[in-house]
>>> print(open('run_18.cif').read())   # mmCIF, C-alpha atoms and all ligand atoms
data_upload
loop_
_atom_site.label_atom_id
_atom_site.label_comp_id
_atom_site.auth_asym_id
_atom_site.auth_seq_id
_atom_site.Cartn_x
_atom_site.Cartn_y
_atom_site.Cartn_z
CA MET A 1 12.00 -17.26 10.60
CA PHE A 2 11.09 -14.58 8.00
CA GLU A 3 13.02 -11.36 8.14
CA LEU A 4 13.54 -8.09 6.35
CA ARG A 5 16.88 -6.53 7.21
CA SER A 6 17.56 -2.89 6.24
CA VAL A 7 15.26 -3.30 3.25
CA SER A 8 14.61 -0.38 0.94
CA LYS A 9 12.24 -0.49 -1.98
CA SER A 10 10.78 2.21 -4.17
CA TYR A 11 9.22 2.64 -7.57
CA GLY A 12 10.32 6.00 -8.88
CA ARG A 13 9.13 8.42 -6.28
CA ALA A 14 6.84 5.95 -4.55
CA VAL A 15 8.71 4.79 -1.44
CA VAL A 16 7.53 1.44 -0.13
CA ALA A 17 10.30 0.63 2.35
CA LYS A 18 13.07 2.78 3.74
CA ASP A 19 15.83 0.91 5.59
CA LEU A 20 13.15 -1.29 7.10
CA ASP A 21 13.53 -4.17 9.57
CA LEU A 22 10.83 -6.73 10.23
CA SER A 23 10.87 -10.14 11.83
CA LEU A 24 7.96 -12.57 11.52
CA GLY A 25 7.53 -16.10 12.73
CA ASN A 26 5.92 -16.19 16.14
CA ASP A 27 2.64 -17.66 14.85
CA ARG A 28 0.72 -14.46 15.50
CA ILE A 29 -1.75 -12.60 13.34
CA VAL A 30 0.03 -9.39 12.42
CA GLY A 31 -1.90 -6.58 10.79
CA LEU A 32 -0.19 -4.45 8.16
CA VAL A 33 -2.25 -1.30 7.77
CA GLY A 34 -1.99 2.02 5.99
CA PRO A 35 -3.80 3.97 3.30
CA SER A 36 -4.14 2.69 -0.23
CA GLY A 37 -0.90 3.19 -2.15
CA CYS A 38 1.41 3.27 0.88
CA GLY A 39 3.13 0.07 -0.23
CA LYS A 40 1.51 -2.76 1.74
CA SER A 41 1.14 -5.17 -1.19
CA SER A 42 4.63 -4.36 -2.46
CA LEU A 43 6.10 -5.06 0.94
CA GLY A 44 4.26 -8.40 1.04
CA ARG A 45 5.66 -9.28 -2.38
CA VAL A 46 9.20 -8.38 -1.27
CA LEU A 47 8.79 -10.62 1.77
CA LEU A 48 7.71 -13.52 -0.46
CA GLY A 49 10.56 -12.95 -2.89
CA LEU A 50 8.23 -11.99 -5.73
CA GLU A 51 10.10 -8.70 -5.99
CA GLN A 52 13.69 -7.75 -5.28
CA PRO A 53 14.46 -5.04 -2.75
CA ASN A 54 16.65 -2.14 -3.95
CA ALA A 55 18.80 -2.59 -0.86
CA GLY A 56 18.93 -4.88 2.17
CA VAL A 57 18.19 -8.57 2.46
CA VAL A 58 15.15 -10.80 2.89
CA LEU A 59 15.89 -13.84 5.02
CA PHE A 60 14.24 -17.22 5.50
CA LYS A 61 15.78 -19.24 8.33
CA ASP A 62 18.72 -16.82 8.29
CA ARG A 63 19.38 -17.30 4.58
CA ASP A 64 19.01 -14.72 1.81
CA ILE A 65 15.92 -15.87 -0.11
CA HIS A 66 17.41 -14.70 -3.40
CA ARG A 67 20.44 -16.96 -2.94
CA LEU A 68 18.83 -20.23 -1.92
CA ASP A 69 19.80 -23.52 -3.49
CA ARG A 70 17.03 -25.52 -5.16
CA ARG A 71 16.06 -27.50 -2.09
CA ASP A 72 15.91 -24.50 0.24
CA ARG A 73 13.99 -22.55 -2.39
CA MET A 74 11.31 -25.25 -2.51
CA ASP A 75 11.27 -25.26 1.28
CA PHE A 76 10.72 -21.49 1.23
CA ARG A 77 8.02 -21.67 -1.45
CA ARG A 78 6.20 -24.20 0.63
CA ALA A 79 6.57 -22.22 3.87
CA ALA A 80 5.48 -18.82 2.58
CA GLN A 81 2.17 -18.43 0.75
CA MET A 82 0.02 -15.51 -0.33
CA VAL A 83 -3.68 -14.99 -0.93
CA PRO A 84 -4.22 -12.08 -3.33
CA GLN A 85 -6.82 -9.35 -3.11
CA HIS A 86 -8.82 -10.23 -6.22
CA PRO A 87 -10.33 -13.71 -6.05
CA ASP A 88 -10.96 -13.62 -9.82
CA ALA A 89 -7.29 -13.06 -10.51
CA ALA A 90 -6.23 -15.97 -8.31
CA PHE A 91 -7.27 -18.67 -10.77
CA ASN A 92 -6.80 -19.29 -14.47
CA PRO A 93 -10.32 -18.72 -15.89
CA ARG A 94 -9.80 -21.43 -18.50
CA LEU A 95 -8.92 -24.20 -16.06
CA LEU A 96 -11.28 -26.24 -13.95
CA LEU A 97 -10.73 -25.23 -10.34
CA GLY A 98 -9.71 -28.80 -9.50
CA THR A 99 -6.92 -28.59 -12.07
CA SER A 100 -5.68 -25.33 -10.54
CA LEU A 101 -5.63 -26.75 -7.03
CA ARG A 102 -4.10 -30.10 -7.98
CA GLU A 103 -1.16 -28.25 -9.60
CA VAL A 104 0.17 -27.67 -6.09
CA PHE A 105 0.79 -31.43 -5.78
CA ARG A 106 3.05 -31.30 -8.83
CA PHE A 107 5.39 -28.83 -7.16
CA HIS A 108 5.29 -30.04 -3.60
CA ASP A 109 5.35 -33.48 -2.10
CA LEU A 110 2.45 -33.04 0.34
CA CYS A 111 1.23 -36.59 0.79
CA PRO A 112 1.35 -40.00 -0.93
CA LYS A 113 -0.22 -39.83 -4.41
CA ALA A 114 -3.02 -42.20 -3.44
CA ASP A 115 -4.08 -39.83 -0.65
CA GLN A 116 -4.16 -36.61 -2.70
CA GLU A 117 -7.90 -36.46 -3.28
CA GLU A 118 -8.60 -37.10 0.37
CA TYR A 119 -6.04 -34.46 1.36
CA LEU A 120 -7.68 -31.97 -1.01
CA ALA A 121 -11.21 -32.74 0.25
CA ALA A 122 -10.07 -32.36 3.87
CA THR A 123 -8.49 -28.98 3.08
CA LEU A 124 -11.70 -27.80 1.38
CA GLU A 125 -13.65 -28.87 4.43
CA HIS A 126 -11.45 -26.57 6.53
CA VAL A 127 -12.74 -23.62 4.52
CA SER A 128 -16.31 -24.96 4.41
CA LEU A 129 -16.40 -25.80 0.71
CA HIS A 130 -17.78 -28.88 -1.02
CA PRO A 131 -15.32 -30.79 -3.26
CA GLU A 132 -17.95 -30.67 -6.00
CA LEU A 133 -16.84 -27.07 -6.66
CA LEU A 134 -13.61 -28.45 -8.09
CA THR A 135 -15.50 -29.60 -11.18
CA ARG A 136 -16.43 -26.01 -12.04
CA TYR A 137 -14.75 -23.02 -13.66
CA PRO A 138 -13.90 -19.83 -11.71
CA SER A 139 -16.73 -17.90 -13.42
CA GLN A 140 -19.25 -20.36 -11.97
CA LEU A 141 -18.43 -19.47 -8.35
CA SER A 142 -19.28 -16.46 -6.19
CA GLY A 143 -16.55 -14.09 -5.02
CA GLY A 144 -16.78 -15.49 -1.50
CA GLU A 145 -16.47 -19.10 -2.70
CA LEU A 146 -13.50 -18.21 -4.89
CA GLN A 147 -11.78 -16.46 -2.01
CA ARG A 148 -12.32 -19.52 0.18
CA LEU A 149 -10.82 -21.64 -2.57
CA ALA A 150 -7.82 -19.29 -2.85
CA ILE A 151 -7.33 -19.65 0.90
CA ALA A 152 -7.65 -23.45 0.59
CA ARG A 153 -4.99 -23.51 -2.10
CA SER A 154 -2.65 -21.37 -0.01
CA ILE A 155 -2.90 -23.68 3.00
CA LEU A 156 -2.36 -26.93 1.05
CA THR A 157 1.37 -26.68 1.78
CA LYS A 158 0.74 -25.93 5.49
CA PRO A 159 2.69 -22.66 5.30
CA SER A 160 4.28 -21.08 8.35
CA LEU A 161 3.74 -17.61 6.84
CA LEU A 162 0.53 -16.66 5.11
CA VAL A 163 0.33 -13.20 3.56
CA LEU A 164 -3.35 -12.26 3.28
CA ASP A 165 -3.57 -9.23 1.00
CA GLU A 166 -6.91 -7.44 1.47
CA VAL A 167 -8.63 -10.83 1.24
CA THR A 168 -12.02 -9.51 2.27
CA SER A 169 -12.07 -6.05 0.73
CA MET A 170 -13.77 -7.15 -2.50
CA LEU A 171 -16.53 -8.99 -0.64
CA ASP A 172 -19.87 -8.08 0.96
CA VAL A 173 -19.72 -7.34 4.67
CA SER A 174 -21.56 -10.54 5.70
CA ILE A 175 -19.26 -12.70 3.57
CA GLN A 176 -16.29 -10.78 4.93
CA ALA A 177 -17.30 -11.77 8.47
CA SER A 178 -17.61 -15.44 7.56
CA ILE A 179 -14.18 -15.44 5.87
CA ILE A 180 -12.64 -13.85 8.97
CA ARG A 181 -14.24 -16.55 11.13
CA THR A 182 -12.80 -19.20 8.82
CA LEU A 183 -9.34 -17.64 9.06
CA GLN A 184 -9.60 -17.51 12.86
CA HIS A 185 -10.57 -21.16 12.87
CA LEU A 186 -7.68 -22.08 10.53
CA HIS A 187 -5.20 -20.17 12.65
CA HIS A 188 -6.45 -22.02 15.69
CA GLU A 189 -6.07 -25.40 13.96
CA HIS A 190 -2.69 -24.80 12.38
CA ALA A 191 -0.31 -22.36 14.03
CA ALA A 192 1.25 -20.02 11.49
CA THR A 193 2.14 -16.37 11.16
CA TYR A 194 -0.47 -14.42 9.24
CA LEU A 195 0.44 -11.06 7.76
CA PHE A 196 -3.00 -9.54 7.37
CA ILE A 197 -2.78 -6.63 4.95
CA THR A 198 -5.70 -4.24 5.09
CA HIS A 199 -6.62 -0.58 4.82
CA ASP A 200 -9.44 -1.28 7.30
CA LEU A 201 -8.08 -0.48 10.76
CA ASP A 202 -11.30 -1.55 12.50
CA LEU A 203 -11.09 -4.98 10.90
CA ALA A 204 -7.41 -5.27 11.89
CA GLN A 205 -8.35 -4.39 15.47
CA VAL A 206 -10.80 -7.28 15.60
CA PHE A 207 -8.70 -9.90 13.88
CA CYS A 208 -5.05 -9.19 14.69
CA HIS A 209 -2.83 -9.82 17.69
CA GLU A 210 -0.65 -6.86 16.77
CA ILE A 211 -0.78 -4.12 14.16
CA LEU A 212 1.97 -2.41 12.18
CA GLU A 213 1.32 0.76 10.27
CA LEU A 214 3.26 1.40 7.08
CA SER A 215 3.89 5.06 6.43
CA GLN A 216 6.51 6.63 4.19
CA GLY A 217 8.51 3.44 4.03
CA ARG A 218 8.62 2.89 7.76
CA LEU A 219 6.74 0.56 10.12
CA LYS A 220 5.25 1.73 13.36
CA PRO A 221 3.52 -0.54 15.92
CA LEU A 222 -0.01 0.64 16.72
CA ASP A 223 -1.65 0.06 20.07
CA LEU A 224 -4.68 -2.20 19.90
CA GLN A 225 -7.74 -0.31 21.09
CA PRO A 226 -9.91 -2.08 23.65
CA LEU A 227 -13.21 -2.88 21.93
N1 LIG B 1 5.30 -2.88 -10.19
C1 LIG B 1 5.18 -1.56 -9.92
N2 LIG B 1 5.71 -0.64 -10.74
C2 LIG B 1 5.62 0.67 -10.47
N3 LIG B 1 5.02 1.17 -9.38
C3 LIG B 1 4.49 0.31 -8.52
C4 LIG B 1 4.53 -1.11 -8.73
N4 LIG B 1 3.92 -1.72 -7.69
C5 LIG B 1 3.49 -0.74 -6.87
N5 LIG B 1 3.84 0.48 -7.36
C6 LIG B 1 3.58 1.76 -6.70
O1 LIG B 1 4.03 1.66 -5.36
C7 LIG B 1 3.11 2.28 -4.48
C8 LIG B 1 2.60 1.27 -3.47
O2 LIG B 1 1.73 0.35 -4.10
P1 LIG B 1 1.07 -0.87 -3.34
O3 LIG B 1 2.14 -1.70 -2.74
O4 LIG B 1 0.15 -1.52 -4.28
O5 LIG B 1 0.28 -0.11 -2.18
P2 LIG B 1 -0.91 -0.65 -1.25
O6 LIG B 1 -0.95 -2.13 -1.34
O7 LIG B 1 -0.58 -0.15 0.12
O8 LIG B 1 -2.17 -0.02 -1.75
C9 LIG B 1 2.02 2.89 -5.35
O9 LIG B 1 2.35 4.24 -5.57
C10 LIG B 1 2.10 2.08 -6.62
O10 LIG B 1 1.69 2.85 -7.71
MG MG B 2 -2.50 -3.42 -1.95
#
>>> encode(input="run_18.cif", output="structure tokens", more="lines below")
Ligand SMILES: Nc1ncnc2c1ncn2[C@@H]1O[C@H](COP(=O)(O)OP(=O)(O)O)[C@@H](O)[C@H]1O
Ligand SMILES: [Mg+2]
Amino acid sequence: MFELRSVSKSYGRAVVAKDLDLSLGNDRIVGLVGPSGCGKSSLGRVLLGLEQPNAGVVLFKDRDIHRLDRRDRMDFRRAAQMVPQHPDAAFNPRLLLGTSLREVFRFHDLCPKADQEEYLAATLEHVSLHPELLTRYPSQLSGGELQRLAIARSILTKPSLLVLDEVTSMLDVSIQASIIRTLQHLHHEHAATYLFITHDLDLAQVFCHEILELSQGRLKPLDLQPL
């Protein structure tokens, strides 16, 4: 459903993708690993259409995502979501968290208007958060709570592709484990493809169904090691 075809992308001398092919959409958890700076985040952004490739095409349901009509573009926006690395950067510090999350309803028709609050509360429950947190500002939450909220926002549209960019790397190890459990639970409840970006190969081994290593603009499948 989501595809990179002969995609190249570089910033000056930093090569992120070199004639790269990738196909995602089998509802698996796919690890994207490699050392810091190898281009994992950039590749995720290219896949989501947040950046243009220098060459090649990015496809959603066989259509070039940079040439979609309005309706298909909304369909794509809804189907492909990202959770960024820094939970603090995910929300506008000046807005109540409820305001930030409810914005999603303005762009996407997710449920009847009368059911929005219930829909929101149910989504928060999926990530083990109390709706009361929506009446606070980002600075009043812990990093772990904010990351859960960022995940909640990303799943409001029930995406079929979720790009998780180092979602646990800013968090304490114990909180990291609980976020991973939540993601496992979410994946179990709602089938979707997760692209789990991490520089932590051990974590990818535990969480992912398959692992791709990005190195010098190319992707190489890694064998999962028996634990
Ligand atoms: N917008 C940008 N402008 C210039 N260089 C960039 C930009 N984004 C990323 N880079 C460079 O591309 C390389 C890959 O970055 P990034 O995708 O963030 O790697 P990773 O996520 O694997 O750590 C780095 O050398 C980075 O400096
Ligand atoms: Mg990165």
>>> closest_atom_pairs(input="run_18.cif", of="chain A", to="ligand LIG 1 (chain B)", cutoff="6 Å", atoms="all atoms listed in the file", output="tab-separated table")
residue	atom	partner	partner_atom	distance
A:Tyr11	CA	B:LIG1	N3	4.8
A:Ala14	CA	B:LIG1	O9	4.9
A:Val16	CA	B:LIG1	C8	6.0
A:Ser36	CA	B:LIG1	O8	3.7
A:Gly37	CA	B:LIG1	O8	3.5
A:Cys38	CA	B:LIG1	O7	4.0
A:Gly39	CA	B:LIG1	O3	3.2
A:Lys40	CA	B:LIG1	O7	3.7
A:Ser41	CA	B:LIG1	O6	3.7
A:Ser42	CA	B:LIG1	O3	3.7
>>> closest_residue(input="run_18.cif", among="A:Gly56, A:Gly12, A:Gly25, A:Gly44", to="ligand MG 2 (chain B)", atoms="all atoms listed in the file")
A:Gly44
>>> closest_residue(input="run_18.cif", among="A:Ala17, A:Ser100, A:Val7, A:Asn26", to="Ala55 of chain A", atoms="all atoms listed in the file")
A:Val7
>>> closest_residue(input="run_18.cif", among="A:Ser128, A:Gln85, A:Thr157, A:Ser142", to="Asp109 of chain A", atoms="all atoms listed in the file")
A:Thr157
>>> residues_around(input="run_18.cif", residues="Thr99 of chain A", least_positions_apart="5", cutoff="12 Å", atoms="only C-alpha atoms", output="list of chain:residue names")
A:Phe91, A:Asn92, A:Pro93, A:Arg94, A:Val104, A:Phe105, A:Arg106, A:Glu117, A:Leu120, A:Leu133, A:Leu134, A:Thr135, A:Arg136, A:Tyr137, A:Pro138, A:Arg153
>>> residues_around(input="run_18.cif", residues="Val46 of chain A", least_positions_apart="6", cutoff="8 Å", atoms="all atoms listed in the file", output="list of chain:residue names")
A:Gln52, A:Pro53, A:Val58
>>> atom_distance(input="run_18.cif", atom1="atom CA of Val33 of chain A", atom2="atom CA of Phe196 of chain A")
8.3 Å
>>> closest_residue(input="run_18.cif", among="A:Gly143, A:Leu149, A:Val173, A:Ser178", to="Ala121 of chain A", atoms="all atoms listed in the file")
A:Leu149
>>> decode(input="run_18.cif", residues="segment 4-96 of chain A", atoms="C-alpha atoms", output="PDB file, in the first residue's frame")
ATOM      1  CA  LEU A   4       9.201   3.774  -2.349  1.00  0.00           C
ATOM      2  CA  ARG A   5      10.278   3.127  -5.921  1.00  0.00           C
ATOM      3  CA  SER A   6      13.864   3.908  -6.978  1.00  0.00           C
ATOM      4  CA  VAL A   7      13.970   6.699  -4.411  1.00  0.00           C
ATOM      5  CA  SER A   8      17.115   8.747  -3.954  1.00  0.00           C
ATOM      6  CA  LYS A   9      17.513  11.440  -1.347  1.00  0.00           C
ATOM      7  CA  SER A  10      20.528  13.309  -0.079  1.00  0.00           C
ATOM      8  CA  TYR A  11      21.408  16.514   1.690  1.00  0.00           C
ATOM      9  CA  GLY A  12      24.691  17.705   0.280  1.00  0.00           C
ATOM     10  CA  ARG A  13      27.043  14.850   0.935  1.00  0.00           C
ATOM     11  CA  ALA A  14      24.745  13.079   3.370  1.00  0.00           C
ATOM     12  CA  VAL A  15      23.134  10.238   1.415  1.00  0.00           C
ATOM     13  CA  VAL A  16      19.861   9.048   2.905  1.00  0.00           C
ATOM     14  CA  ALA A  17      18.535   6.885   0.061  1.00  0.00           C
ATOM     15  CA  LYS A  18      20.216   5.620  -3.068  1.00  0.00           C
ATOM     16  CA  ASP A  19      17.893   4.149  -5.699  1.00  0.00           C
ATOM     17  CA  LEU A  20      15.923   2.556  -2.898  1.00  0.00           C
ATOM     18  CA  ASP A  21      12.845   0.322  -3.108  1.00  0.00           C
ATOM     19  CA  LEU A  22      10.586  -0.415  -0.162  1.00  0.00           C
ATOM     20  CA  SER A  23       7.091  -1.782   0.102  1.00  0.00           C
ATOM     21  CA  LEU A  24       5.064  -1.584   3.311  1.00  0.00           C
ATOM     22  CA  GLY A  25       1.528  -2.597   4.093  1.00  0.00           C
ATOM     23  CA  ASN A  26       1.374  -6.131   5.416  1.00  0.00           C
ATOM     24  CA  ASP A  27       0.421  -5.043   8.947  1.00  0.00           C
ATOM     25  CA  ARG A  28       3.767  -6.077  10.380  1.00  0.00           C
ATOM     26  CA  ILE A  29       6.076  -4.279  12.763  1.00  0.00           C
ATOM     27  CA  VAL A  30       9.105  -3.407  10.670  1.00  0.00           C
ATOM     28  CA  GLY A  31      12.243  -2.142  12.351  1.00  0.00           C
ATOM     29  CA  LEU A  32      14.350   0.487  10.602  1.00  0.00           C
ATOM     30  CA  VAL A  33      17.742   0.483  12.270  1.00  0.00           C
ATOM     31  CA  GLY A  34      21.131   2.059  11.737  1.00  0.00           C
ATOM     32  CA  PRO A  35      23.484   4.438  13.492  1.00  0.00           C
ATOM     33  CA  SER A  36      22.531   8.003  14.283  1.00  0.00           C
ATOM     34  CA  GLY A  37      22.771  10.173  11.181  1.00  0.00           C
ATOM     35  CA  CYS A  38      22.344   7.365   8.634  1.00  0.00           C
ATOM     36  CA  GLY A  39      19.047   8.837   7.433  1.00  0.00           C
ATOM     37  CA  LYS A  40      16.294   6.906   9.238  1.00  0.00           C
ATOM     38  CA  SER A  41      14.183   9.939  10.156  1.00  0.00           C
ATOM     39  CA  SER A  42      14.648  11.473   6.710  1.00  0.00           C
ATOM     40  CA  LEU A  43      13.516   8.271   5.059  1.00  0.00           C
ATOM     41  CA  GLY A  44      10.431   8.220   7.304  1.00  0.00           C
ATOM     42  CA  ARG A  45       9.649  11.802   6.310  1.00  0.00           C
ATOM     43  CA  VAL A  46      10.028  10.968   2.610  1.00  0.00           C
ATOM     44  CA  LEU A  47       7.631   8.058   3.051  1.00  0.00           C
ATOM     45  CA  LEU A  48       5.057  10.362   4.669  1.00  0.00           C
ATOM     46  CA  GLY A  49       5.455  12.999   1.987  1.00  0.00           C
ATOM     47  CA  LEU A  50       6.908  15.542   4.398  1.00  0.00           C
ATOM     48  CA  GLU A  51       9.958  15.756   2.151  1.00  0.00           C
ATOM     49  CA  GLN A  52      10.403  15.324  -1.579  1.00  0.00           C
ATOM     50  CA  PRO A  53      12.801  12.706  -2.894  1.00  0.00           C
ATOM     51  CA  ASN A  54      15.490  13.909  -5.334  1.00  0.00           C
ATOM     52  CA  ALA A  55      14.548  11.063  -7.661  1.00  0.00           C
ATOM     53  CA  GLY A  56      12.036   8.211  -7.743  1.00  0.00           C
ATOM     54  CA  VAL A  57       8.455   8.098  -6.558  1.00  0.00           C
ATOM     55  CA  VAL A  58       6.588   7.533  -3.309  1.00  0.00           C
ATOM     56  CA  LEU A  59       3.328   5.681  -3.829  1.00  0.00           C
ATOM     57  CA  PHE A  60       0.151   5.275  -1.803  1.00  0.00           C
ATOM     58  CA  LYS A  61      -2.257   2.737  -3.294  1.00  0.00           C
ATOM     59  CA  ASP A  62      -0.213   2.880  -6.506  1.00  0.00           C
ATOM     60  CA  ARG A  63      -0.489   6.661  -6.797  1.00  0.00           C
ATOM     61  CA  ASP A  64       2.318   9.216  -6.530  1.00  0.00           C
ATOM     62  CA  ILE A  65       1.706  10.914  -3.175  1.00  0.00           C
ATOM     63  CA  HIS A  66       2.928  14.249  -4.522  1.00  0.00           C
ATOM     64  CA  ARG A  67       0.285  14.210  -7.264  1.00  0.00           C
ATOM     65  CA  LEU A  68      -2.826  13.260  -5.335  1.00  0.00           C
ATOM     66  CA  ASP A  69      -6.088  15.126  -5.744  1.00  0.00           C
ATOM     67  CA  ARG A  70      -7.602  16.656  -2.610  1.00  0.00           C
ATOM     68  CA  ARG A  71      -9.670  13.649  -1.653  1.00  0.00           C
ATOM     69  CA  ASP A  72      -6.864  11.130  -2.083  1.00  0.00           C
ATOM     70  CA  ARG A  73      -4.500  13.440  -0.221  1.00  0.00           C
ATOM     71  CA  MET A  74      -6.837  13.484   2.788  1.00  0.00           C
ATOM     72  CA  ASP A  75      -7.131   9.714   2.517  1.00  0.00           C
ATOM     73  CA  PHE A  76      -3.326   9.469   2.575  1.00  0.00           C
ATOM     74  CA  ARG A  77      -2.972  11.904   5.491  1.00  0.00           C
ATOM     75  CA  ARG A  78      -5.405   9.835   7.440  1.00  0.00           C
ATOM     76  CA  ALA A  79      -3.743   6.515   6.555  1.00  0.00           C
ATOM     77  CA  ALA A  80      -0.144   7.480   7.307  1.00  0.00           C
ATOM     78  CA  GLN A  81       0.788   8.972  10.672  1.00  0.00           C
ATOM     79  CA  MET A  82       4.016   9.656  12.519  1.00  0.00           C
ATOM     80  CA  VAL A  83       5.031   9.878  16.155  1.00  0.00           C
ATOM     81  CA  PRO A  84       8.158  12.033  16.512  1.00  0.00           C
ATOM     82  CA  GLN A  85      11.160  11.399  18.717  1.00  0.00           C
ATOM     83  CA  HIS A  86      10.766  14.359  21.061  1.00  0.00           C
ATOM     84  CA  PRO A  87       7.497  14.275  22.986  1.00  0.00           C
ATOM     85  CA  ASP A  88       7.944  17.959  23.911  1.00  0.00           C
ATOM     86  CA  ALA A  89       8.108  18.948  20.262  1.00  0.00           C
ATOM     87  CA  ALA A  90       4.933  17.044  19.410  1.00  0.00           C
ATOM     88  CA  PHE A  91       2.570  19.573  20.982  1.00  0.00           C
ATOM     89  CA  ASN A  92       2.177  23.331  20.908  1.00  0.00           C
ATOM     90  CA  PRO A  93       3.282  24.386  24.430  1.00  0.00           C
ATOM     91  CA  ARG A  94       0.733  27.206  24.475  1.00  0.00           C
ATOM     92  CA  LEU A  95      -2.300  25.041  23.761  1.00  0.00           C
ATOM     93  CA  LEU A  96      -4.187  22.852  26.184  1.00  0.00           C
TER      94      LEU A  96
END
